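Asker: The structure that follows is given in the form of structure tokens.
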Amino acid sequence: MPMAQMISKKQRLNMFTAKGEWSNRKMEYRSERRYIGKVKAVVFDWAGTVVDCGVFAPALTFVQIFTKEGVPITDEEARGPMGTHKRVHIQKILENEGVKGRWISVHGKPPTEGDIDRMYKEFVPMQLSCLADYSNVITGVVETVQKLKDDGIKIGSTTGYPSAIVDVLKPIAAKQGYAPDCYVAADEVPQSRPCPYMVWLNGIKLDVHPIEAIVKVDDTVDGVREGITAGCWSVGVAKTGNYVAASESELHSMDPVELNRRLKRAYDILIDSGAHYVIDTVMDLPSVIEDINRRLSRGEKP
């Protein structure tokens, strides 16, 4: 038998513990494996982040669906659950006490799962009918994404939209110069936002690891939480998103006091949701990536 195999476990331990005097002491330090590389992928949301400044397509569609049911809702009520799977979005609107009360007044009973299913079935064709009118790529997105790609960063995407809508949205965005390397829709995973599955599926499709090498960018609370739950860096987008709720032309013409009020509210909401960073638009992302790279080089994690 080779000599190395004849040494007992205790003897081997003593060789590394100065003849045993430290073997019974609690270790005060431990070695940890930490990623110190750079950001490898950015996973973008769609509406309010890279297209449809102000997130009008889904908001208007929800208003139309509830109007058809005889229960008009406000723009704020329509936008409240933005970022979630669209069926869940309808369910959450109906859980709003004011909306639920109006529903009971009209229909004589609380909304049912059947009602939610029927309304969601109507959502997809309604959304498709107006999608082309609200799918303009936001100013600066194409150039910023190209810069990221030039730096070797892969581009993924997640959305609260189902695949049927994403399939229509892809060529519309591509004609304008925006084409991510990966698409993941809300109906491709067991649960949508704020669960982490869409981000994880992006990581698999893009072949990117570890999770701290991924940055999630979104304009909604559940979208930010999706990134946090996944374990990656999460960046909120305020100015072009759901909580400012203004088109690019409206942003340019809006009274500065009103714009600042809306922008502050959006920042507060996204910061409170746990975002690691909050920026005005995607154009501000490269400087955030630089800071994340600096933090990663020191072994920091999200």
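Residue numbering restarts at 1 for every chain of the structure tokens, chains are lettered A, B, ... in their displayed order, and ligands are numbered from 1 as they appear.
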Write out as a short mmCIF file (atom, residue, chain, number, x, y, z; two decimals) with N, CA, C and O atoms, in the first residue's frame each polymer residue whose atoms come within 12 Å of stretch 142-150 of chain A, counting only C-alpha atoms; drop sequence neighbours fewer than 4 positions from it.

Answerer:
```cif
data_model
loop_
_atom_site.label_atom_id
_atom_site.label_comp_id
_atom_site.auth_asym_id
_atom_site.auth_seq_id
_atom_site.Cartn_x
_atom_site.Cartn_y
_atom_site.Cartn_z
N VAL A 39 -19.88 42.46 -15.73
CA VAL A 39 -21.25 42.19 -16.15
C VAL A 39 -21.21 41.49 -17.51
O VAL A 39 -20.53 41.93 -18.44
N LYS A 40 -21.95 40.39 -17.61
CA LYS A 40 -21.97 39.61 -18.85
C LYS A 40 -23.27 39.76 -19.63
O LYS A 40 -23.29 39.50 -20.83
N ALA A 41 -24.35 40.13 -18.94
CA ALA A 41 -25.65 40.22 -19.62
C ALA A 41 -26.53 41.27 -18.95
O ALA A 41 -26.47 41.46 -17.73
N VAL A 42 -27.34 41.91 -19.76
CA VAL A 42 -28.38 42.82 -19.26
C VAL A 42 -29.72 42.32 -19.77
O VAL A 42 -29.88 42.06 -20.98
N VAL A 43 -30.68 42.15 -18.87
CA VAL A 43 -32.01 41.67 -19.23
C VAL A 43 -32.98 42.84 -19.10
O VAL A 43 -33.22 43.34 -18.00
N PHE A 44 -33.52 43.27 -20.23
CA PHE A 44 -34.42 44.41 -20.26
C PHE A 44 -35.89 44.00 -20.24
O PHE A 44 -36.28 43.01 -20.88
N THR A 49 -39.52 50.61 -20.71
CA THR A 49 -38.07 50.49 -20.55
C THR A 49 -37.36 50.67 -21.88
O THR A 49 -36.47 51.50 -22.01
N VAL A 50 -37.77 49.91 -22.89
CA VAL A 50 -37.14 50.03 -24.22
C VAL A 50 -38.12 50.45 -25.31
O VAL A 50 -37.71 50.97 -26.35
N VAL A 51 -39.42 50.19 -25.11
CA VAL A 51 -40.44 50.64 -26.07
C VAL A 51 -41.60 51.27 -25.30
O VAL A 51 -41.67 51.17 -24.08
N ASN A 136 -43.11 52.18 -30.33
CA ASN A 136 -41.92 52.93 -30.73
C ASN A 136 -40.79 52.68 -29.74
O ASN A 136 -41.00 52.76 -28.52
N VAL A 137 -39.61 52.38 -30.26
CA VAL A 137 -38.44 52.23 -29.40
C VAL A 137 -38.07 53.59 -28.82
O VAL A 137 -38.05 54.60 -29.54
N ILE A 138 -37.82 53.64 -27.54
CA ILE A 138 -37.54 54.88 -26.83
C ILE A 138 -36.20 55.47 -27.26
O ILE A 138 -35.24 54.73 -27.49
N LYS A 154 -24.21 40.49 -23.40
CA LYS A 154 -25.36 39.89 -24.07
C LYS A 154 -26.65 40.59 -23.60
O LYS A 154 -26.72 41.08 -22.47
N ILE A 155 -27.66 40.58 -24.47
CA ILE A 155 -28.91 41.29 -24.19
C ILE A 155 -30.08 40.31 -24.13
O ILE A 155 -30.36 39.60 -25.11
N GLY A 156 -30.74 40.27 -22.98
CA GLY A 156 -31.93 39.44 -22.81
C GLY A 156 -33.17 40.29 -22.60
O GLY A 156 -33.09 41.52 -22.57
N ALA A 173 -40.04 45.93 -33.23
CA ALA A 173 -38.87 46.52 -32.58
C ALA A 173 -37.62 46.32 -33.43
O ALA A 173 -36.77 47.22 -33.52
N ALA A 174 -37.50 45.16 -34.06
CA ALA A 174 -36.32 44.86 -34.87
C ALA A 174 -36.18 45.83 -36.04
O ALA A 174 -35.07 46.24 -36.39
N LYS A 175 -37.30 46.21 -36.64
CA LYS A 175 -37.26 47.17 -37.75
C LYS A 175 -36.73 48.52 -37.31
O LYS A 175 -36.21 49.29 -38.11
N GLN A 176 -36.86 48.79 -36.01
CA GLN A 176 -36.36 50.07 -35.47
C GLN A 176 -34.94 49.94 -34.92
O GLN A 176 -34.39 50.91 -34.40
N GLY A 177 -34.38 48.74 -35.01
CA GLY A 177 -33.00 48.54 -34.59
C GLY A 177 -32.81 47.88 -33.25
O GLY A 177 -31.66 47.72 -32.79
N TYR A 178 -33.91 47.46 -32.59
CA TYR A 178 -33.76 46.80 -31.28
C TYR A 178 -34.09 45.32 -31.40
O TYR A 178 -35.23 44.95 -31.68
N ALA A 179 -33.10 44.47 -31.19
CA ALA A 179 -33.29 43.03 -31.27
C ALA A 179 -32.42 42.34 -30.22
O ALA A 179 -31.22 42.11 -30.44
N PRO A 180 -32.97 42.03 -29.05
CA PRO A 180 -32.18 41.35 -28.02
C PRO A 180 -31.77 39.96 -28.45
O PRO A 180 -32.30 39.40 -29.42
N ASP A 181 -30.80 39.39 -27.75
CA ASP A 181 -30.31 38.05 -28.07
C ASP A 181 -31.24 36.97 -27.56
O ASP A 181 -31.13 35.80 -27.97
N VAL A 215 -27.61 41.88 -15.04
CA VAL A 215 -28.30 43.08 -14.58
C VAL A 215 -29.71 43.07 -15.15
O VAL A 215 -29.89 42.90 -16.36
N THR A 281 -33.47 57.05 -17.71
CA THR A 281 -33.72 56.28 -18.92
C THR A 281 -32.60 55.26 -19.13
O THR A 281 -31.57 55.31 -18.45
N VAL A 282 -32.80 54.38 -20.10
CA VAL A 282 -31.80 53.37 -20.43
C VAL A 282 -30.48 54.02 -20.85
O VAL A 282 -29.41 53.43 -20.67
N MET A 283 -30.53 55.25 -21.37
CA MET A 283 -29.29 55.92 -21.77
C MET A 283 -28.33 56.12 -20.60
O MET A 283 -27.13 56.29 -20.80
N ASP A 284 -28.86 56.10 -19.37
CA ASP A 284 -28.01 56.28 -18.18
C ASP A 284 -27.38 54.96 -17.71
O ASP A 284 -26.62 54.96 -16.74
N LEU A 285 -27.68 53.86 -18.39
CA LEU A 285 -27.24 52.54 -17.91
C LEU A 285 -25.73 52.31 -17.98
O LEU A 285 -25.18 51.68 -17.06
N PRO A 286 -25.03 52.75 -19.03
CA PRO A 286 -23.58 52.44 -19.09
C PRO A 286 -22.79 52.86 -17.86
O PRO A 286 -21.90 52.13 -17.42
N SER A 287 -23.11 54.01 -17.27
CA SER A 287 -22.39 54.44 -16.08
C SER A 287 -22.71 53.54 -14.89
O SER A 287 -21.86 53.31 -14.02
N VAL A 288 -23.93 53.02 -14.86
CA VAL A 288 -24.30 52.07 -13.81
C VAL A 288 -23.52 50.77 -13.97
O VAL A 288 -23.02 50.20 -13.00
N ILE A 289 -23.39 50.31 -15.22
CA ILE A 289 -22.63 49.09 -15.49
C ILE A 289 -21.18 49.27 -15.03
O ILE A 289 -20.58 48.35 -14.43
N GLU A 290 -20.62 50.43 -15.28
CA GLU A 290 -19.25 50.71 -14.84
C GLU A 290 -19.13 50.58 -13.33
O GLU A 290 -18.16 50.02 -12.80
#
```

Asker: Just want the 12 Å neighbourhood of A:Glu97, counted on only C-alpha atoms, with same-chain residues fewer than 6 positions away dropped. Output as a list of chain:residue names.

Answerer: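 In the requested format, the answer is A:Ile73, A:Glu77, A:Trp103, A:Ile104, A:Pro110, A:Pro111.
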
Asker: With C-alpha atoms retained, could you export that selection as a short mmCIF file (atom, residue, chain, number, x, y, z; two decimals), in the first residue's frame?

Answerer:
```
data_model
loop_
_atom_site.label_atom_id
_atom_site.label_comp_id
_atom_site.auth_asym_id
_atom_site.auth_seq_id
_atom_site.Cartn_x
_atom_site.Cartn_y
_atom_site.Cartn_z
CA ILE A 73 -61.54 52.17 -14.06
CA GLU A 77 -56.16 51.77 -11.19
CA TRP A 103 -68.09 45.45 -9.93
CA ILE A 104 -70.52 44.14 -7.27
CA PRO A 110 -67.96 39.52 -6.61
CA PRO A 111 -65.82 38.70 -9.66
#
```

Asker: For stretch 232-246 of chain A, find every residue with an atom within 6 Å (counting only C-alpha atoms), except residues of its own chain fewer than 6 positions away, and show them as a PyMOL selection string.

Answerer: chain A and resi 48+53-55+211-212+214-219+224+262+266-267+270+275-281+302

Asker: Sorted by chain and rising residue number, which residues of stretch 77-104 of chain A lie within 12 Å of stretch 69-72 of chain A, and what are their closest atom pairs and distances in Å to one decimal, counting only C-alpha atoms, as a Markdown table?

Answerer:
```
| residue | atom | partner | partner_atom | distance |
| --- | --- | --- | --- | --- |
| A:Glu77 | CA | A:Pro72 | CA | 9.9 |
| A:Ala78 | CA | A:Pro72 | CA | 9.9 |
| A:Ile93 | CA | A:Val71 | CA | 11.3 |
| A:Leu94 | CA | A:Val71 | CA | 10.2 |
| A:Gly98 | CA | A:Val71 | CA | 10.5 |
| A:Val99 | CA | A:Val71 | CA | 7.5 |
| A:Lys100 | CA | A:Val71 | CA | 9.2 |
| A:Gly101 | CA | A:Val71 | CA | 9.7 |
| A:Arg102 | CA | A:Val71 | CA | 6.3 |
| A:Trp103 | CA | A:Val71 | CA | 5.9 |
| A:Ile104 | CA | A:Val71 | CA | 9.4 |
```

Asker: Could you give me, as number ranges by chain, the residues within 8 Å of A:Arg225, counting only C-alpha atoms and dropping anything in the same chain fewer than 6 positions from it?

Answerer: A: 193-195, 234, 273-275

Asker: With N, CA and C atoms retained, could you export that selection as a PDB file, in the first residue's frame?

Answerer:
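The result, written out as selection_27.pdb:
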```pdb
ATOM      1  N   ARG A 193     -43.399  37.572 -12.856  1.00  0.00           N
ATOM      2  CA  ARG A 193     -42.912  38.495 -11.836  1.00  0.00           C
ATOM      3  C   ARG A 193     -43.853  38.578 -10.643  1.00  0.00           C
ATOM      4  N   PRO A 194     -43.332  38.762  -9.438  1.00  0.00           N
ATOM      5  CA  PRO A 194     -41.931  39.022  -9.098  1.00  0.00           C
ATOM      6  C   PRO A 194     -41.081  37.770  -8.910  1.00  0.00           C
ATOM      7  N   CYS A 195     -41.589  36.614  -9.324  1.00  0.00           N
ATOM      8  CA  CYS A 195     -40.776  35.393  -9.245  1.00  0.00           C
ATOM      9  C   CYS A 195     -39.583  35.497 -10.205  1.00  0.00           C
ATOM     10  N   SER A 234     -30.423  44.852  -9.876  1.00  0.00           N
ATOM     11  CA  SER A 234     -31.720  45.294 -10.373  1.00  0.00           C
ATOM     12  C   SER A 234     -31.737  46.815 -10.485  1.00  0.00           C
ATOM     13  N   SER A 273     -38.914  49.718  -3.735  1.00  0.00           N
ATOM     14  CA  SER A 273     -39.073  48.329  -4.178  1.00  0.00           C
ATOM     15  C   SER A 273     -37.788  47.527  -4.008  1.00  0.00           C
ATOM     16  N   GLY A 274     -36.669  48.234  -3.722  1.00  0.00           N
ATOM     17  CA  GLY A 274     -35.404  47.550  -3.473  1.00  0.00           C
ATOM     18  C   GLY A 274     -34.390  47.644  -4.587  1.00  0.00           C
ATOM     19  N   ALA A 275     -34.634  48.492  -5.590  1.00  0.00           N
ATOM     20  CA  ALA A 275     -33.694  48.614  -6.708  1.00  0.00           C
ATOM     21  C   ALA A 275     -32.302  48.998  -6.214  1.00  0.00           C
TER      22      ALA A 275
END
```

Asker: Which residues are near A:Ile204? Cut-off 12 Å, only C-alpha atoms, ignore same chain within fewer than 4 positions. Put them as a list in words.

Answerer: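 Those residues are Ala41, Gly156, Cys182, Tyr183, Val184, Tyr197, Met198, Val199, Trp200, Val208, His209, Pro210, Ile211 and Ile214 of chain A.
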
Asker: Between atom CA of A:Ala186 and atom CA of A:Gly231, what is the distance in Å, rounded to a tenth?

Answerer: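 Going from atom CA of A:Ala186 over to atom CA of A:Gly231 covers 18.8 Å.
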